[in-house]
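Structure first, commentary second.
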Amino acid sequence: MEISTTIPVGKGKVTIDRSLREYGGKGYYIIIRMETVAGPCNDVDCERIPVGIVEVAQVPDQSYRIYAGDGYFLAIDPPVQMYIDRDRLSVTLKKSPLGKLVAKGLYFA
């Protein structure tokens, strides 16, 4: 039974769950980026809310910070990397029961 892989990111860490083992060692990058979505209100002055997006791609954009460990390649958007480092976050990347990639423990304050 495989165990999860932990990659240090500054003062924080990102743990890649064994449910993502199909992406390890095959040239795939697990990408974590920040995107803003509309808030719950309906008016024009509604504040946009930042959310973390996890996806897999062959080659990430040049602006991403690259980390590697145990055959996994992790590409992190610089703002996300700053939050993980500054807030000493412990982020876990895994697949949801429906097969969607999710980041647990990632928040933007």
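Letters for chains follow the order of the structure tokens (A, B, ...), residue numbers begin at 1 for each chain, and ligand numbers begin at 1 in the order shown.
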- Which residues come within 12 Å of Val102 of chain A, counting only C-alpha atoms, excluding same-chain residues fewer than 6 positions away, as a VMD selection string? chain A and resid 15 to 17 19 to 20 30 to 33 51 to 56 91 to 96
- Query: Please, which residues of segment 20-67 of chain A, numbered as in this document, come out strand (DSSP E or B) from DSSP, as an MDAnalysis selection string?
  - Reply: chainID A and resid 29:37 49:57 65:67
For the residues in that selection, give me C-alpha atoms as a JSON list (two decimals), in the first residue's frame.
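In the end it all went to selection.json:
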```
[["chain", "number", "residue", "atom", "x", "y", "z"],
["A", 29, "TYR", "CA", 2.34, 18.44, -13.46],
["A", 30, "ILE", "CA", -0.21, 18.84, -10.69],
["A", 31, "ILE", "CA", -1.05, 22.54, -10.86],
["A", 32, "ILE", "CA", -2.44, 24.64, -8.01],
["A", 33, "ARG", "CA", -3.64, 28.11, -8.96],
["A", 34, "MET", "CA", -5.86, 30.83, -7.53],
["A", 35, "GLU", "CA", -8.99, 32.05, -9.26],
["A", 36, "THR", "CA", -11.64, 34.49, -8.10],
["A", 37, "VAL", "CA", -15.35, 33.76, -8.29],
["A", 49, "ILE", "CA", -13.85, 35.37, -3.47],
["A", 50, "PRO", "CA", -10.49, 33.65, -4.13],
["A", 51, "VAL", "CA", -10.59, 29.86, -4.50],
["A", 52, "GLY", "CA", -7.90, 27.27, -5.13],
["A", 53, "ILE", "CA", -8.07, 25.33, -8.40],
["A", 54, "VAL", "CA", -6.25, 22.00, -8.86],
["A", 55, "GLU", "CA", -5.67, 20.58, -12.33],
["A", 56, "VAL", "CA", -3.24, 18.36, -14.22],
["A", 57, "ALA", "CA", -1.36, 19.34, -17.38],
["A", 65, "ARG", "CA", 6.98, 27.71, -9.18],
["A", 66, "ILE", "CA", 7.99, 24.06, -9.68],
["A", 67, "TYR", "CA", 8.47, 21.56, -6.84]]
```
- Skip Lys26 of chain A itself and residues of its chain fewer than 2 positions away, then list as an MDAnalysis selection string all residues within 10 Å of it, counting only C-alpha atoms. chainID A and resid 21:24 28:29 58 71:73
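In this comparison, which uses only C-alpha atoms, the residue of A:Lys104, A:Tyr83, A:Cys46, A:Gly27 approaching Val59 of chain A most closely is A:Gly27.
Atom pair atom CA of Leu89 of chain A / atom CA of Arg48 of chain A: separated by 22.2 Å.
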